[in-house]
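Structure file upload-v3.tsv; described as TSV, N, CA and C atoms.
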chain	number	residue	atom	x	y	z
L	1	MET	N	91.51	27.87	29.34
L	1	MET	CA	90.58	28.01	28.26
L	1	MET	C	91.02	29.17	27.37
L	2	ARG	N	90.84	29.04	26.08
L	2	ARG	CA	91.14	30.12	25.13
L	2	ARG	C	89.91	31.04	25.05
L	3	VAL	N	90.13	32.34	25.33
L	3	VAL	CA	89.01	33.28	25.37
L	3	VAL	C	89.30	34.51	24.51
L	4	TYR	N	88.21	35.09	24.05
L	4	TYR	CA	88.24	36.36	23.32
L	4	TYR	C	87.32	37.31	24.09
L	5	VAL	N	87.76	38.54	24.32
L	5	VAL	CA	86.95	39.51	25.04
L	5	VAL	C	86.45	40.56	24.06
L	6	ALA	N	85.14	40.69	23.98
L	6	ALA	CA	84.49	41.69	23.13
L	6	ALA	C	83.97	42.82	24.03
L	7	ALA	N	84.31	44.07	23.66
L	7	ALA	CA	83.93	45.20	24.50
L	7	ALA	C	83.95	46.49	23.70
L	8	PHE	N	83.48	47.54	24.32
L	8	PHE	CA	83.52	48.89	23.75
L	8	PHE	C	84.97	49.31	23.59
L	9	PHE	N	85.35	49.78	22.40
L	9	PHE	CA	86.73	50.11	22.09
L	9	PHE	C	87.33	51.10	23.09
L	10	GLN	N	86.52	52.04	23.58
L	10	GLN	CA	87.02	53.05	24.51
L	10	GLN	C	87.26	52.49	25.92
L	11	GLU	N	86.89	51.24	26.16
L	11	GLU	CA	87.11	50.64	27.47
L	11	GLU	C	88.33	49.73	27.48
L	12	LYS	N	89.35	50.12	26.71
L	12	LYS	CA	90.57	49.31	26.60
L	12	LYS	C	91.20	48.99	27.95
L	13	GLN	N	91.24	49.98	28.84
L	13	GLN	CA	91.89	49.75	30.14
L	13	GLN	C	91.14	48.71	30.94
L	14	ILE	N	89.83	48.75	30.93
L	14	ILE	CA	89.02	47.76	31.63
L	14	ILE	C	89.30	46.37	31.06
L	15	VAL	N	89.39	46.28	29.73
L	15	VAL	CA	89.67	45.00	29.07
L	15	VAL	C	91.06	44.51	29.44
L	16	GLN	N	92.05	45.40	29.44
L	16	GLN	CA	93.40	44.99	29.81
L	16	GLN	C	93.45	44.48	31.25
L	17	ASP	N	92.70	45.12	32.15
L	17	ASP	CA	92.62	44.64	33.54
L	17	ASP	C	91.99	43.24	33.57
L	18	LEU	N	90.95	43.04	32.77
L	18	LEU	CA	90.31	41.73	32.70
L	18	LEU	C	91.27	40.68	32.14
L	19	TYR	N	92.03	41.06	31.11
L	19	TYR	CA	93.03	40.13	30.55
L	19	TYR	C	93.97	39.63	31.65
L	20	ARG	N	94.45	40.55	32.48
L	20	ARG	CA	95.38	40.16	33.56
L	20	ARG	C	94.73	39.15	34.50
L	21	GLU	N	93.47	39.38	34.86
L	21	GLU	CA	92.77	38.46	35.75
L	21	GLU	C	92.56	37.10	35.08
L	22	LEU	N	92.20	37.12	33.81
L	22	LEU	CA	91.99	35.87	33.08
L	22	LEU	C	93.28	35.08	32.95
L	23	GLU	N	94.37	35.77	32.61
L	23	GLU	CA	95.66	35.10	32.48
L	23	GLU	C	96.15	34.57	33.82
L	24	ARG	N	95.92	35.33	34.87
L	24	ARG	CA	96.30	34.90	36.22
L	24	ARG	C	95.56	33.60	36.59
L	25	ALA	N	94.34	33.45	36.06
L	25	ALA	CA	93.54	32.25	36.33
L	25	ALA	C	93.87	31.12	35.35
L	26	GLY	N	94.86	31.34	34.46
L	26	GLY	CA	95.31	30.29	33.56
L	26	GLY	C	94.68	30.27	32.17
L	27	HIS	N	93.93	31.31	31.84
L	27	HIS	CA	93.29	31.37	30.53
L	27	HIS	C	94.19	32.07	29.51
L	28	GLN	N	93.96	31.79	28.24
L	28	GLN	CA	94.75	32.36	27.15
L	28	GLN	C	93.87	33.31	26.33
L	29	ILE	N	94.37	34.50	26.06
L	29	ILE	CA	93.66	35.48	25.23
L	29	ILE	C	94.02	35.19	23.77
L	30	THR	N	93.01	34.98	22.92
L	30	THR	CA	93.29	34.61	21.52
L	30	THR	C	93.65	35.80	20.65
L	31	TRP	N	93.26	37.00	21.03
L	31	TRP	CA	93.64	38.20	20.28
L	31	TRP	C	93.48	39.41	21.18
L	32	ASP	N	94.56	40.17	21.35
L	32	ASP	CA	94.54	41.38	22.17
L	32	ASP	C	94.35	42.59	21.27
L	33	TRP	N	93.09	42.92	21.02
L	33	TRP	CA	92.77	44.07	20.16
L	33	TRP	C	93.03	45.40	20.85
L	34	THR	N	93.28	45.39	22.16
L	34	THR	CA	93.51	46.66	22.87
L	34	THR	C	94.83	47.31	22.48
L	35	ARG	N	95.72	46.56	21.86
L	35	ARG	CA	97.01	47.12	21.43
L	35	ARG	C	96.93	47.77	20.05
L	36	SER	N	95.78	47.64	19.41
L	36	SER	CA	95.57	48.24	18.08
L	36	SER	C	95.47	49.75	18.19
L	37	ASP	N	96.02	50.43	17.20
L	37	ASP	CA	95.99	51.89	17.20
L	37	ASP	C	95.96	52.37	15.76
L	38	GLN	N	94.89	53.05	15.38
L	38	GLN	CA	94.77	53.51	14.00
L	38	GLN	C	95.74	54.64	13.67
L	39	GLY	N	96.32	55.24	14.69
L	39	GLY	CA	97.31	56.29	14.47
L	39	GLY	C	96.79	57.42	13.60
L	40	GLU	N	97.61	57.83	12.66
L	40	GLU	CA	97.26	58.95	11.78
L	40	GLU	C	96.75	58.49	10.42
L	41	ARG	N	96.37	57.24	10.30
L	41	ARG	CA	95.90	56.71	9.01
L	41	ARG	C	94.65	57.44	8.56
L	42	ARG	N	94.56	57.64	7.25
L	42	ARG	CA	93.40	58.29	6.64
L	42	ARG	C	93.09	57.61	5.31
L	43	GLY	N	91.89	57.82	4.82
L	43	GLY	CA	91.50	57.37	3.48
L	43	GLY	C	91.66	55.88	3.29
L	44	GLU	N	92.26	55.51	2.16
L	44	GLU	CA	92.44	54.10	1.80
L	44	GLU	C	93.31	53.35	2.80
L	45	GLU	N	94.32	54.02	3.32
L	45	GLU	CA	95.18	53.37	4.31
L	45	GLU	C	94.37	53.00	5.56
L	46	LEU	N	93.44	53.86	5.98
L	46	LEU	CA	92.60	53.59	7.13
L	46	LEU	C	91.64	52.44	6.84
L	47	LYS	N	91.09	52.41	5.63
L	47	LYS	CA	90.20	51.31	5.25
L	47	LYS	C	90.93	49.98	5.29
L	48	ARG	N	92.16	49.94	4.77
L	48	ARG	CA	92.95	48.70	4.80
L	48	ARG	C	93.25	48.28	6.24
L	49	TYR	N	93.57	49.26	7.07
L	49	TYR	CA	93.85	48.98	8.48
L	49	TYR	C	92.61	48.38	9.16
L	50	PHE	N	91.44	49.00	8.97
L	50	PHE	CA	90.21	48.49	9.57
L	50	PHE	C	89.91	47.07	9.09
L	51	CYS	N	90.10	46.81	7.81
L	51	CYS	CA	89.87	45.47	7.26
L	51	CYS	C	90.80	44.46	7.93
L	52	SER	N	92.07	44.81	8.06
L	52	SER	CA	93.04	43.93	8.69
L	52	SER	C	92.67	43.67	10.15
L	53	GLU	N	92.27	44.70	10.86
L	53	GLU	CA	91.90	44.54	12.27
L	53	GLU	C	90.65	43.69	12.41
L	54	ALA	N	89.67	43.88	11.53
L	54	ALA	CA	88.45	43.06	11.59
L	54	ALA	C	88.78	41.59	11.35
L	55	GLU	N	89.69	41.32	10.42
L	55	GLU	CA	90.09	39.93	10.15
L	55	GLU	C	90.79	39.33	11.37
L	56	LYS	N	91.61	40.11	12.06
L	56	LYS	CA	92.28	39.62	13.28
L	56	LYS	C	91.26	39.34	14.38
L	57	ASP	N	90.26	40.22	14.50
L	57	ASP	CA	89.20	40.01	15.49
L	57	ASP	C	88.45	38.71	15.20
L	58	LEU	N	88.04	38.52	13.96
L	58	LEU	CA	87.30	37.30	13.60
L	58	LEU	C	88.15	36.06	13.80
L	59	ASN	N	89.43	36.15	13.47
L	59	ASN	CA	90.33	35.01	13.69
L	59	ASN	C	90.45	34.70	15.18
L	60	GLY	N	90.53	35.73	16.00
L	60	GLY	CA	90.59	35.53	17.45
L	60	GLY	C	89.34	34.84	17.97
L	61	ILE	N	88.20	35.16	17.40
L	61	ILE	CA	86.94	34.52	17.80
L	61	ILE	C	86.92	33.07	17.32
L	62	GLU	N	87.37	32.84	16.10
L	62	GLU	CA	87.40	31.47	15.59
L	62	GLU	C	88.28	30.57	16.46
L	63	ARG	N	89.39	31.11	16.98
L	63	ARG	CA	90.34	30.32	17.76
L	63	ARG	C	89.94	30.16	19.22
L	64	CYS	N	88.98	30.96	19.69
L	64	CYS	CA	88.61	30.89	21.10
L	64	CYS	C	87.67	29.73	21.38
L	65	GLN	N	87.62	29.35	22.63
L	65	GLN	CA	86.63	28.39	23.10
L	65	GLN	C	85.42	29.11	23.67
L	66	ALA	N	85.64	30.34	24.14
L	66	ALA	CA	84.56	31.13	24.72
L	66	ALA	C	84.79	32.61	24.43
L	67	LEU	N	83.69	33.32	24.19
L	67	LEU	CA	83.73	34.77	24.04
L	67	LEU	C	83.15	35.37	25.31
L	68	ILE	N	83.84	36.37	25.82
L	68	ILE	CA	83.35	37.12	26.99
L	68	ILE	C	82.97	38.51	26.49
L	69	LEU	N	81.73	38.88	26.69
L	69	LEU	CA	81.24	40.19	26.24
L	69	LEU	C	81.03	41.10	27.43
L	70	LEU	N	81.57	42.31	27.34
L	70	LEU	CA	81.31	43.36	28.32
L	70	LEU	C	80.27	44.28	27.69
L	71	PRO	N	79.00	44.11	28.03
L	71	PRO	CA	77.95	44.91	27.38
L	71	PRO	C	78.13	46.41	27.60
L	72	HIS	N	77.87	47.17	26.56
L	72	HIS	CA	77.93	48.63	26.61
L	72	HIS	C	77.08	49.15	25.46
L	73	ALA	N	76.33	50.19	25.70
L	73	ALA	CA	75.43	50.73	24.67
L	73	ALA	C	76.18	51.18	23.42
L	74	GLY	N	77.43	51.59	23.56
L	74	GLY	CA	78.20	52.08	22.42
L	74	GLY	C	79.06	51.03	21.74
L	75	ALA	N	78.97	49.79	22.18
L	75	ALA	CA	79.88	48.73	21.71
L	75	ALA	C	79.37	48.06	20.43
L	76	LYS	N	79.25	48.81	19.35
L	76	LYS	CA	78.70	48.25	18.10
L	76	LYS	C	79.48	47.05	17.61
L	77	GLY	N	80.79	47.15	17.54
L	77	GLY	CA	81.61	46.05	17.05
L	77	GLY	C	81.52	44.82	17.93
L	78	ALA	N	81.38	45.01	19.23
L	78	ALA	CA	81.30	43.89	20.16
L	78	ALA	C	80.05	43.06	19.90
L	79	TYR	N	78.98	43.70	19.46
L	79	TYR	CA	77.75	42.96	19.18
L	79	TYR	C	77.86	42.19	17.87
L	80	VAL	N	78.65	42.70	16.93
L	80	VAL	CA	78.96	41.93	15.72
L	80	VAL	C	79.77	40.70	16.12
L	81	GLU	N	80.73	40.89	16.99
L	81	GLU	CA	81.55	39.78	17.47
L	81	GLU	C	80.69	38.75	18.21
L	82	LEU	N	79.73	39.20	18.99
L	82	LEU	CA	78.80	38.30	19.67
L	82	LEU	C	78.05	37.45	18.64
L	83	GLY	N	77.52	38.07	17.60
L	83	GLY	CA	76.80	37.34	16.56
L	83	GLY	C	77.68	36.33	15.86
L	84	PHE	N	78.92	36.71	15.57
L	84	PHE	CA	79.85	35.79	14.91
L	84	PHE	C	80.15	34.60	15.82
L	85	ALA	N	80.37	34.87	17.09
L	85	ALA	CA	80.66	33.79	18.05
L	85	ALA	C	79.46	32.84	18.18
L	86	LEU	N	78.26	33.40	18.21
L	86	LEU	CA	77.06	32.56	18.25
L	86	LEU	C	76.98	31.68	17.00
L	87	ALA	N	77.24	32.28	15.84
L	87	ALA	CA	77.19	31.53	14.59
L	87	ALA	C	78.24	30.43	14.54
L	88	CYS	N	79.37	30.66	15.21
L	88	CYS	CA	80.44	29.66	15.26
L	88	CYS	C	80.22	28.61	16.34
L	89	GLY	N	79.16	28.75	17.12
L	89	GLY	CA	78.87	27.78	18.18
L	89	GLY	C	79.75	27.92	19.40
L	90	LYS	N	80.30	29.10	19.64
L	90	LYS	CA	81.18	29.32	20.80
L	90	LYS	C	80.38	29.47	22.08
L	91	ARG	N	81.02	29.18	23.20
L	91	ARG	CA	80.41	29.49	24.50
L	91	ARG	C	80.44	31.00	24.64
L	92	ILE	N	79.39	31.55	25.21
L	92	ILE	CA	79.28	33.00	25.38
L	92	ILE	C	79.02	33.30	26.85
L	93	PHE	N	79.82	34.23	27.37
L	93	PHE	CA	79.62	34.72	28.73
L	93	PHE	C	79.51	36.24	28.65
L	94	THR	N	78.58	36.82	29.40
L	94	THR	CA	78.56	38.27	29.54
L	94	THR	C	79.00	38.61	30.96
L	95	LEU	N	79.75	39.67	31.06
L	95	LEU	CA	80.14	40.21	32.37
L	95	LEU	C	79.42	41.54	32.48
L	96	GLU	N	78.33	41.56	33.20
L	96	GLU	CA	77.39	42.67	33.14
L	96	GLU	C	77.68	43.72	34.19
L	97	SER	N	78.65	44.57	33.87
L	97	SER	CA	79.05	45.63	34.79
L	97	SER	C	78.31	46.94	34.51
L	98	ASN	N	77.56	47.00	33.41
L	98	ASN	CA	76.79	48.20	33.07
L	98	ASN	C	75.30	47.89	33.19
L	99	PRO	N	74.72	48.14	34.37
L	99	PRO	CA	73.30	47.84	34.55
L	99	PRO	C	72.44	48.57	33.52
L	100	GLY	N	71.41	47.91	33.08
L	100	GLY	CA	70.49	48.54	32.13
L	100	GLY	C	70.83	48.29	30.68
L	101	VAL	N	72.02	47.75	30.38
L	101	VAL	CA	72.37	47.42	29.01
L	101	VAL	C	71.89	46.00	28.76
L	102	ASP	N	70.98	45.84	27.81
L	102	ASP	CA	70.42	44.53	27.52
L	102	ASP	C	70.33	44.35	26.02
L	103	CYS	N	70.20	43.11	25.61
L	103	CYS	CA	70.12	42.77	24.19
L	103	CYS	C	69.29	41.49	24.10
L	104	VAL	N	68.46	41.39	23.10
L	104	VAL	CA	67.62	40.20	22.94
L	104	VAL	C	68.46	38.93	22.89
L	105	PHE	N	69.65	38.98	22.32
L	105	PHE	CA	70.50	37.80	22.19
L	105	PHE	C	71.08	37.32	23.53
L	106	PHE	N	71.10	38.20	24.52
L	106	PHE	CA	71.59	37.80	25.85
L	106	PHE	C	70.69	36.73	26.47
L	107	HIS	N	69.47	36.61	25.99
L	107	HIS	CA	68.50	35.70	26.58
L	107	HIS	C	68.50	34.32	25.92
L	108	LEU	N	69.38	34.12	24.95
L	108	LEU	CA	69.52	32.80	24.35
L	108	LEU	C	70.12	31.84	25.36
L	109	PRO	N	69.78	30.56	25.29
L	109	PRO	CA	70.34	29.60	26.25
L	109	PRO	C	71.86	29.46	26.13
L	110	GLU	N	72.44	29.81	24.99
L	110	GLU	CA	73.89	29.71	24.80
L	110	GLU	C	74.66	30.79	25.55
L	111	VAL	N	73.96	31.82	26.02
L	111	VAL	CA	74.61	32.96	26.67
L	111	VAL	C	74.49	32.82	28.18
L	112	GLU	N	75.64	32.80	28.85
L	112	GLU	CA	75.68	32.72	30.31
L	112	GLU	C	75.99	34.10	30.87
L	113	ARG	N	75.05	34.64	31.61
L	113	ARG	CA	75.17	36.00	32.13
L	113	ARG	C	75.80	35.98	33.52
L	114	CYS	N	76.92	36.68	33.66
L	114	CYS	CA	77.65	36.75	34.93
L	114	CYS	C	77.53	38.16	35.49
L	115	GLN	N	77.32	38.24	36.79
L	115	GLN	CA	77.16	39.54	37.45
L	115	GLN	C	78.45	40.07	38.07
L	116	SER	N	79.48	39.21	38.14
L	116	SER	CA	80.74	39.64	38.75
L	116	SER	C	81.90	38.89	38.10
L	117	LEU	N	83.09	39.43	38.28
L	117	LEU	CA	84.29	38.78	37.79
L	117	LEU	C	84.47	37.41	38.46
L	118	GLN	N	84.19	37.34	39.75
L	118	GLN	CA	84.34	36.08	40.46
L	118	GLN	C	83.41	35.01	39.88
L	119	GLU	N	82.18	35.39	39.58
L	119	GLU	CA	81.23	34.45	38.98
L	119	GLU	C	81.74	33.98	37.61
L	120	LEU	N	82.23	34.92	36.81
L	120	LEU	CA	82.76	34.58	35.48
L	120	LEU	C	83.93	33.61	35.61
L	121	LEU	N	84.90	33.93	36.47
L	121	LEU	CA	86.07	33.06	36.64
L	121	LEU	C	85.65	31.67	37.14
L	122	GLY	N	84.67	31.62	38.01
L	122	GLY	CA	84.17	30.34	38.51
L	122	GLY	C	83.54	29.51	37.40
L	123	ARG	N	82.76	30.14	36.54
L	123	ARG	CA	82.13	29.41	35.44
L	123	ARG	C	83.17	28.94	34.43
L	124	LEU	N	84.16	29.78	34.15
L	124	LEU	CA	85.23	29.36	33.23
L	124	LEU	C	86.01	28.19	33.82
L	125	ALA	N	86.28	28.24	35.11
L	125	ALA	CA	87.02	27.15	35.76
L	125	ALA	C	86.23	25.86	35.72
L	126	SER	N	84.93	25.93	35.95
L	126	SER	CA	84.12	24.71	35.93
L	126	SER	C	84.01	24.17	34.51
L	127	GLU	N	84.05	25.05	33.53
L	127	GLU	CA	84.05	24.62	32.12
L	127	GLU	C	85.35	23.93	31.77
L	128	ASP	N	86.46	24.47	32.28
L	128	ASP	CA	87.78	23.84	32.05
L	128	ASP	C	87.83	22.44	32.66
L	129	ALA	N	87.19	22.28	33.82
L	129	ALA	CA	87.22	21.00	34.53
L	129	ALA	C	86.33	19.95	33.85
L	130	ALA	N	85.34	20.43	33.07
L	130	ALA	CA	84.40	19.49	32.43
L	130	ALA	C	85.01	18.70	31.30

Kindly transcribe the structure held in the file into structure tokens.
Amino acid sequence: MRVYVAAFFQEKQIVQDLYRELERAGHQITWDWTRSDQGERRGEELKRYFCSEAEKDLNGIERCQALILLPHAGAKGAYVELGFALACGKRIFTLESNPGVDCVFFHLPEVERCQSLQELLGRLASEDAA
């Protein structure tokens, strides 16, 4: 299955670990935003960089079959990605490793809440088989 992972930018290592598990299970990552680095950009150059990165993120969501969200209170961009994926009619899975982080949109019937990596991988596998 083609997947996009939305998460808090500072949790890049956690996302990269998840990518490895997803790829090991046969899934394809549509966009690896963890390799992005704003470097020393400032001013207009930084604005252009952010615009380019946002377009890559949205393209990755458009190309995915499912979005996996790692909820985090500081993950502002990830919640924008969640909204975009919902608007595009994508399957949504949350991997809820941060207890107490909740969002009204998590309760929509389109959102499948997973409590563990094993549960997430199992649901993705059953979706692939369908």

| task | Within segment 50-107 of chain L, find each residue whose DSSP state, derived from the backbone, is helix (DSSP H, G or I), and express the selection as a PyMOL selection string. | result | chain L and resi 50-63+76-87+104-107

Please save N, CA and C atoms of the selected residues as an mmCIF file, in the coordinates of the input.
data_model
loop_
_atom_site.group_PDB
_atom_site.id
_atom_site.type_symbol
_atom_site.label_atom_id
_atom_site.label_comp_id
_atom_site.auth_asym_id
_atom_site.auth_seq_id
_atom_site.Cartn_x
_atom_site.Cartn_y
_atom_site.Cartn_z
ATOM 1 N N PHE L 50 91.440 49.000 8.970
ATOM 2 C CA PHE L 50 90.210 48.490 9.570
ATOM 3 C C PHE L 50 89.910 47.070 9.090
ATOM 4 N N CYS L 51 90.100 46.810 7.810
ATOM 5 C CA CYS L 51 89.870 45.470 7.260
ATOM 6 C C CYS L 51 90.800 44.460 7.930
ATOM 7 N N SER L 52 92.070 44.810 8.060
ATOM 8 C CA SER L 52 93.040 43.930 8.690
ATOM 9 C C SER L 52 92.670 43.670 10.150
ATOM 10 N N GLU L 53 92.270 44.700 10.860
ATOM 11 C CA GLU L 53 91.900 44.540 12.270
ATOM 12 C C GLU L 53 90.650 43.690 12.410
ATOM 13 N N ALA L 54 89.670 43.880 11.530
ATOM 14 C CA ALA L 54 88.450 43.060 11.590
ATOM 15 C C ALA L 54 88.780 41.590 11.350
ATOM 16 N N GLU L 55 89.690 41.320 10.420
ATOM 17 C CA GLU L 55 90.090 39.930 10.150
ATOM 18 C C GLU L 55 90.790 39.330 11.370
ATOM 19 N N LYS L 56 91.610 40.110 12.060
ATOM 20 C CA LYS L 56 92.280 39.620 13.280
ATOM 21 C C LYS L 56 91.260 39.340 14.380
ATOM 22 N N ASP L 57 90.260 40.220 14.500
ATOM 23 C CA ASP L 57 89.200 40.010 15.490
ATOM 24 C C ASP L 57 88.450 38.710 15.200
ATOM 25 N N LEU L 58 88.040 38.520 13.960
ATOM 26 C CA LEU L 58 87.300 37.300 13.600
ATOM 27 C C LEU L 58 88.150 36.060 13.800
ATOM 28 N N ASN L 59 89.430 36.150 13.470
ATOM 29 C CA ASN L 59 90.330 35.010 13.690
ATOM 30 C C ASN L 59 90.450 34.700 15.180
ATOM 31 N N GLY L 60 90.530 35.730 16.000
ATOM 32 C CA GLY L 60 90.590 35.530 17.450
ATOM 33 C C GLY L 60 89.340 34.840 17.970
ATOM 34 N N ILE L 61 88.200 35.160 17.400
ATOM 35 C CA ILE L 61 86.940 34.520 17.800
ATOM 36 C C ILE L 61 86.920 33.070 17.320
ATOM 37 N N GLU L 62 87.370 32.840 16.100
ATOM 38 C CA GLU L 62 87.400 31.470 15.590
ATOM 39 C C GLU L 62 88.280 30.570 16.460
ATOM 40 N N ARG L 63 89.390 31.110 16.980
ATOM 41 C CA ARG L 63 90.340 30.320 17.760
ATOM 42 C C ARG L 63 89.940 30.160 19.220
ATOM 43 N N LYS L 76 79.250 48.810 19.350
ATOM 44 C CA LYS L 76 78.700 48.250 18.100
ATOM 45 C C LYS L 76 79.480 47.050 17.610
ATOM 46 N N GLY L 77 80.790 47.150 17.540
ATOM 47 C CA GLY L 77 81.610 46.050 17.050
ATOM 48 C C GLY L 77 81.520 44.820 17.930
ATOM 49 N N ALA L 78 81.380 45.010 19.230
ATOM 50 C CA ALA L 78 81.300 43.890 20.160
ATOM 51 C C ALA L 78 80.050 43.060 19.900
ATOM 52 N N TYR L 79 78.980 43.700 19.460
ATOM 53 C CA TYR L 79 77.750 42.960 19.180
ATOM 54 C C TYR L 79 77.860 42.190 17.870
ATOM 55 N N VAL L 80 78.650 42.700 16.930
ATOM 56 C CA VAL L 80 78.960 41.930 15.720
ATOM 57 C C VAL L 80 79.770 40.700 16.120
ATOM 58 N N GLU L 81 80.730 40.890 16.990
ATOM 59 C CA GLU L 81 81.550 39.780 17.470
ATOM 60 C C GLU L 81 80.690 38.750 18.210
ATOM 61 N N LEU L 82 79.730 39.200 18.990
ATOM 62 C CA LEU L 82 78.800 38.300 19.670
ATOM 63 C C LEU L 82 78.050 37.450 18.640
ATOM 64 N N GLY L 83 77.520 38.070 17.600
ATOM 65 C CA GLY L 83 76.800 37.340 16.560
ATOM 66 C C GLY L 83 77.680 36.330 15.860
ATOM 67 N N PHE L 84 78.920 36.710 15.570
ATOM 68 C CA PHE L 84 79.850 35.790 14.910
ATOM 69 C C PHE L 84 80.150 34.600 15.820
ATOM 70 N N ALA L 85 80.370 34.870 17.090
ATOM 71 C CA ALA L 85 80.660 33.790 18.050
ATOM 72 C C ALA L 85 79.460 32.840 18.180
ATOM 73 N N LEU L 86 78.260 33.400 18.210
ATOM 74 C CA LEU L 86 77.060 32.560 18.250
ATOM 75 C C LEU L 86 76.980 31.680 17.000
ATOM 76 N N ALA L 87 77.240 32.280 15.840
ATOM 77 C CA ALA L 87 77.190 31.530 14.590
ATOM 78 C C ALA L 87 78.240 30.430 14.540
ATOM 79 N N VAL L 104 68.460 41.390 23.100
ATOM 80 C CA VAL L 104 67.620 40.200 22.940
ATOM 81 C C VAL L 104 68.460 38.930 22.890
ATOM 82 N N PHE L 105 69.650 38.980 22.320
ATOM 83 C CA PHE L 105 70.500 37.800 22.190
ATOM 84 C C PHE L 105 71.080 37.320 23.530
ATOM 85 N N PHE L 106 71.100 38.200 24.520
ATOM 86 C CA PHE L 106 71.590 37.800 25.850
ATOM 87 C C PHE L 106 70.690 36.730 26.470
ATOM 88 N N HIS L 107 69.470 36.610 25.990
ATOM 89 C CA HIS L 107 68.500 35.700 26.580
ATOM 90 C C HIS L 107 68.500 34.320 25.920
#

Is it possible to get the axis-aligned box enclosing segment 4-16 of chain L (all listed atoms, 6 Å extra per side) as lines of an AutoDock Vina configuration file, with centre and edge lengths in Å rounded to one decimal?
center_x = 88.5
center_y = 44.1
center_z = 26.9
size_x = 22.0
size_y = 30.0
size_z = 21.5

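Between atom N of Tyr19 of chain L and atom CA of Ala78 of chain L the interatomic distance comes to 15.6 Å.
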
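With only C-alpha atoms as the atoms that count, the minimum distance from Val15 of chain L to the choices L:Leu58, L:Leu70, L:Cys114, L:Leu121 is reached by L:Leu70.
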
| note | Nearest to Ala73 of chain L, restricted to all atoms listed in the file and choosing among L:Gln28, L:Gln115, L:Asn59, L:Asn98, comes out as L:Asn98

| request: Point out the residue among L:Ile92, L:Ala75, L:Tyr4, L:Ala87 with the least atom-to-atom distance to Lys56 of chain L, counting only C-alpha atoms. | output: L:Tyr4

| query | Which neighbours of Arg2 of chain L fall inside 7 Å, counting only C-alpha atoms, when residues of the same chain fewer than 3 positions from it are skipped, and could you give them as a count of residues only? | reply | 7

| said: Would you compute the distance between atom CA of Ile61 of chain L and atom CA of Glu110 of chain L? Give it in Å to one decimal. | reply: 15.6 Å

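Across segment 37-119 of chain L, DSSP run on the backbone finds strand (DSSP E or B) at Ala66, Leu67, Ile68, Leu69, Arg91, Ile92, Phe93, Thr94, Leu95, Val111, Glu112, Arg113 and Cys114 of chain L.
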
| message | Report, in Å with one decimal, the straight-line distance from atom CA of Lys76 of chain L to atom CA of Leu117 of chain L. | response | 22.6 Å

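At a cut-off of 9 Å from (91.8, 49.5, 22.3), the residue set is Phe8, Phe9, Gln10, Glu11, Lys12, Gln13, Val15, Gln16, Asp32, Trp33, Thr34, Arg35, Ser36 and Asp37 of chain L (counting only C-alpha atoms).
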
Give me segment 17-26 of chain L with N, CA, C and O atoms filled in, as a short mmCIF file (atom, residue, chain, number, x, y, z; two decimals), in the coordinates of the input.
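Result file part_29.cif:
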data_model
loop_
_atom_site.label_atom_id
_atom_site.label_comp_id
_atom_site.auth_asym_id
_atom_site.auth_seq_id
_atom_site.Cartn_x
_atom_site.Cartn_y
_atom_site.Cartn_z
N ASP L 17 92.70 45.12 32.15
CA ASP L 17 92.62 44.64 33.54
C ASP L 17 91.99 43.24 33.57
O ASP L 17 92.46 42.36 34.31
N LEU L 18 90.95 43.04 32.77
CA LEU L 18 90.31 41.73 32.70
C LEU L 18 91.27 40.68 32.14
O LEU L 18 91.33 39.56 32.64
N TYR L 19 92.03 41.06 31.11
CA TYR L 19 93.03 40.13 30.55
C TYR L 19 93.97 39.63 31.65
O TYR L 19 94.26 38.44 31.72
N ARG L 20 94.45 40.55 32.48
CA ARG L 20 95.38 40.16 33.56
C ARG L 20 94.73 39.15 34.50
O ARG L 20 95.35 38.15 34.89
N GLU L 21 93.47 39.38 34.86
CA GLU L 21 92.77 38.46 35.75
C GLU L 21 92.56 37.10 35.08
O GLU L 21 92.72 36.05 35.71
N LEU L 22 92.20 37.12 33.81
CA LEU L 22 91.99 35.87 33.08
C LEU L 22 93.28 35.08 32.95
O LEU L 22 93.31 33.86 33.18
N GLU L 23 94.37 35.77 32.61
CA GLU L 23 95.66 35.10 32.48
C GLU L 23 96.15 34.57 33.82
O GLU L 23 96.71 33.48 33.90
N ARG L 24 95.92 35.33 34.87
CA ARG L 24 96.30 34.90 36.22
C ARG L 24 95.56 33.60 36.59
O ARG L 24 96.09 32.75 37.30
N ALA L 25 94.34 33.45 36.06
CA ALA L 25 93.54 32.25 36.33
C ALA L 25 93.87 31.12 35.35
O ALA L 25 93.24 30.07 35.38
N GLY L 26 94.86 31.34 34.46
CA GLY L 26 95.31 30.29 33.56
C GLY L 26 94.68 30.27 32.17
O GLY L 26 94.90 29.33 31.40
#
